[in-house]
Amino acid sequence: MAERVSVRHPSVQRLRRLSGRRSARSDEGAYVIDGPTLLAEALAAGVPIHEVVAEPSCPDQLLERATAAGATVRRVDAGVLARVTDTVTPQPVAAVAAMPGATSADAAAAAGPLALVLVGVGDPGNAGTLLRSAEGAGAGAVVFCDGSVDPYAPKCVRASAGSVFRLVVVRDAPSSDALRHLTAAGVTTVGTLSRGAPPYDDADLARPVALVLGSEAHGLSDAVAGQVERTVTIPMAGRTESLNVGMAGTILCFESLRQRRARAQRRDQRNELDATPPEAAGCNEP
């Protein structure tokens, strides 16, 4: 039977500490997962869960799954979690999970057809959107560089809708290291500029690529733009100066997926033609 604890219990205070301080997450190598939906996603993804703190309305079946996965489950009164976690909408359960220690080399190895490199992206909502878009477009890794938001901050974890659990995610990486490892792995690095570069749909994004996105306020620095293999821009017809980085990154992610699907379709059509007998192709000899 789960132990019932108060708001002063160390496990509850740990939730407060990890929710509020990036340094605490770094020191402990752990982060907070808020809510039953995200906890279920984390368990399904095999995320190591240290402990779970649940209010009475939390589904028992979810707590049984957490216990079976090796987590320690503790109970608290209703309303306790709203006092110690960083949530706008109160949740009936919060968990502490082990933070992966992925490196830029790991990201390059896991990139597959697509990776993202975020340079100075500071808004957790944008970062979470980019994690979701990356996974949706078939990416294998996202690297957070040069002062970007912590991908394991509670707001970013929630905004990712579980994608942060399934991708190789690197935090606090120097952009120079990320670009070097990706290039060595044969992944083309493509920087995004608000203007002055070729249109994104003229670029070959069907090959393995890493999309390099800059900060919301300043975009890519000249130094980082000078390190990528090519740059692209998203042409716009109106007077808007630039797109939100979450939207811009999403457009480019799905352009990469579109090009890969189109290339695969052309390959399948060629294979069908090659496999067609001459008789079926109307090439019978008289």
# chains A, B, ... in the order shown; residues from 1 in each chain; ligands from 1

call {"tool": "select_by_dssp", "arguments": {"residues": "segment 44-274 of chain A", "states": "strand (DSSP E)", "output": "PyMOL selection string"}}
result
chain A and resi 49-54+72-75+93-98+114-119+141-145+168-173+188-192+209-213+230-232

call {"tool": "closest_residue", "arguments": {"among": "A:Met236, A:Cys156, A:Val7, A:Val117", "to": "Asp77 of chain A", "atoms": "only C-alpha atoms"}}
result
A:Val7

call {"tool": "residues_around", "arguments": {"residues": "Pro124 of chain A", "least_positions_apart": "6", "cutoff": "10 Å", "atoms": "only C-alpha atoms", "output": "list in words"}}
result
Leu130, Ser148, Val149, Asp150, Pro151, Tyr152, Ala153, Pro154, Lys155, Cys156, Val157, Arg158, Ala159 and Ser160 of chain A

call {"tool": "atom_distance", "arguments": {"atom1": "atom CA of Thr188 of chain A", "atom2": "atom CA of Asn271 of chain A"}}
result
27.3 Å

call {"tool": "closest_residue", "arguments": {"among": "A:Ala139, A:Ser175, A:Val84, A:Ser242", "to": "His9 of chain A", "atoms": "only C-alpha atoms"}}
result
A:Val84

call {"tool": "residues_around", "arguments": {"residues": "segment 64-71 of chain A", "least_positions_apart": "2", "cutoff": "10 Å", "atoms": "only C-alpha atoms", "output": "ChimeraX atom specification"}}
result
/A:2,39-40,42-44,46-52,59-62,73-74,95-97

call {"tool": "select_by_dssp", "arguments": {"residues": "segment 114-166 of chain A", "states": "helix (DSSP H, G or I)", "output": "list in words"}}
result
Pro124, Gly125, Asn126, Ala127, Gly128, Thr129, Leu130, Leu131, Arg132, Ser133, Ala134, Glu135, Gly136, Pro154, Lys155, Cys156, Val157, Arg158, Ala159, Ser160, Ser163, Val164, Phe165 and Arg166 of chain A

call {"tool": "residues_around", "arguments": {"residues": "segment 171-174 of chain A", "least_positions_apart": "2", "cutoff": "8 Å", "atoms": "only C-alpha atoms", "output": "ChimeraX atom specification"}}
result
/A:102-104,143-148,150-151,169,176-178

call {"tool": "closest_residue", "arguments": {"among": "A:Leu211, A:Ile251, A:Leu15, A:Leu243", "to": "Ala225 of chain A", "atoms": "only C-alpha atoms"}}
result
A:Leu211

call {"tool": "atom_distance", "arguments": {"atom1": "atom CA of Pro235 of chain A", "atom2": "atom CA of Asp202 of chain A"}}
result
11.2 Å

call {"tool": "closest_residue", "arguments": {"among": "A:Arg75, A:Arg260, A:Arg16, A:Arg22", "to": "Gly138 of chain A", "atoms": "only C-alpha atoms"}}
result
A:Arg260

call {"tool": "closest_residue", "arguments": {"among": "A:Arg258, A:Arg263, A:Arg132, A:Arg21", "to": "Leu116 of chain A", "atoms": "only C-alpha atoms"}}
result
A:Arg132

call {"tool": "residues_around", "arguments": {"residues": "Ser163 of chain A", "least_positions_apart": "4", "cutoff": "7 Å", "atoms": "only C-alpha atoms", "output": "list in words"}}
result
Leu131, Arg132, Glu135 and Leu167 of chain A

call {"tool": "residues_around", "arguments": {"residues": "Pro56 of chain A", "least_positions_apart": "2", "cutoff": "7 Å", "atoms": "only C-alpha atoms", "output": "ChimeraX atom specification"}}
result
/A:54,58,77-78

call {"tool": "atom_distance", "arguments": {"atom1": "atom CA of Thr240 of chain A", "atom2": "atom CA of Asn126 of chain A"}}
result
18.4 Å

call {"tool": "decode", "arguments": {"residues": "segment 105-130 of chain A", "atoms": "C-alpha atoms", "output": "PDB file, in the first residue's frame"}}
result
ATOM      1  CA  ALA A 105      27.571  12.446 -30.647  1.00  0.00           C
ATOM      2  CA  ASP A 106      24.515  10.448 -29.544  1.00  0.00           C
ATOM      3  CA  ALA A 107      22.246  12.866 -31.402  1.00  0.00           C
ATOM      4  CA  ALA A 108      24.282  12.572 -34.588  1.00  0.00           C
ATOM      5  CA  ALA A 109      24.111   8.772 -34.407  1.00  0.00           C
ATOM      6  CA  ALA A 110      20.332   8.850 -33.827  1.00  0.00           C
ATOM      7  CA  ALA A 111      19.449  11.646 -36.267  1.00  0.00           C
ATOM      8  CA  GLY A 112      18.162   9.432 -39.071  1.00  0.00           C
ATOM      9  CA  PRO A 113      16.666  11.531 -41.872  1.00  0.00           C
ATOM     10  CA  LEU A 114      16.173  14.635 -39.737  1.00  0.00           C
ATOM     11  CA  ALA A 115      17.497  16.389 -36.652  1.00  0.00           C
ATOM     12  CA  LEU A 116      16.959  19.819 -35.113  1.00  0.00           C
ATOM     13  CA  VAL A 117      19.594  22.062 -33.584  1.00  0.00           C
ATOM     14  CA  LEU A 118      18.099  24.854 -31.482  1.00  0.00           C
ATOM     15  CA  VAL A 119      20.456  27.766 -30.849  1.00  0.00           C
ATOM     16  CA  GLY A 120      19.296  30.158 -28.140  1.00  0.00           C
ATOM     17  CA  VAL A 121      15.617  29.164 -28.391  1.00  0.00           C
ATOM     18  CA  GLY A 122      14.360  30.436 -25.056  1.00  0.00           C
ATOM     19  CA  ASP A 123      10.590  29.958 -25.018  1.00  0.00           C
ATOM     20  CA  PRO A 124       9.435  26.587 -23.605  1.00  0.00           C
ATOM     21  CA  GLY A 125       6.266  26.637 -25.694  1.00  0.00           C
ATOM     22  CA  ASN A 126       8.238  27.058 -28.918  1.00  0.00           C
ATOM     23  CA  ALA A 127      10.712  24.398 -27.844  1.00  0.00           C
ATOM     24  CA  GLY A 128       7.935  21.946 -27.024  1.00  0.00           C
ATOM     25  CA  THR A 129       6.261  22.655 -30.372  1.00  0.00           C
ATOM     26  CA  LEU A 130       9.543  21.963 -32.159  1.00  0.00           C
TER      27      LEU A 130
END
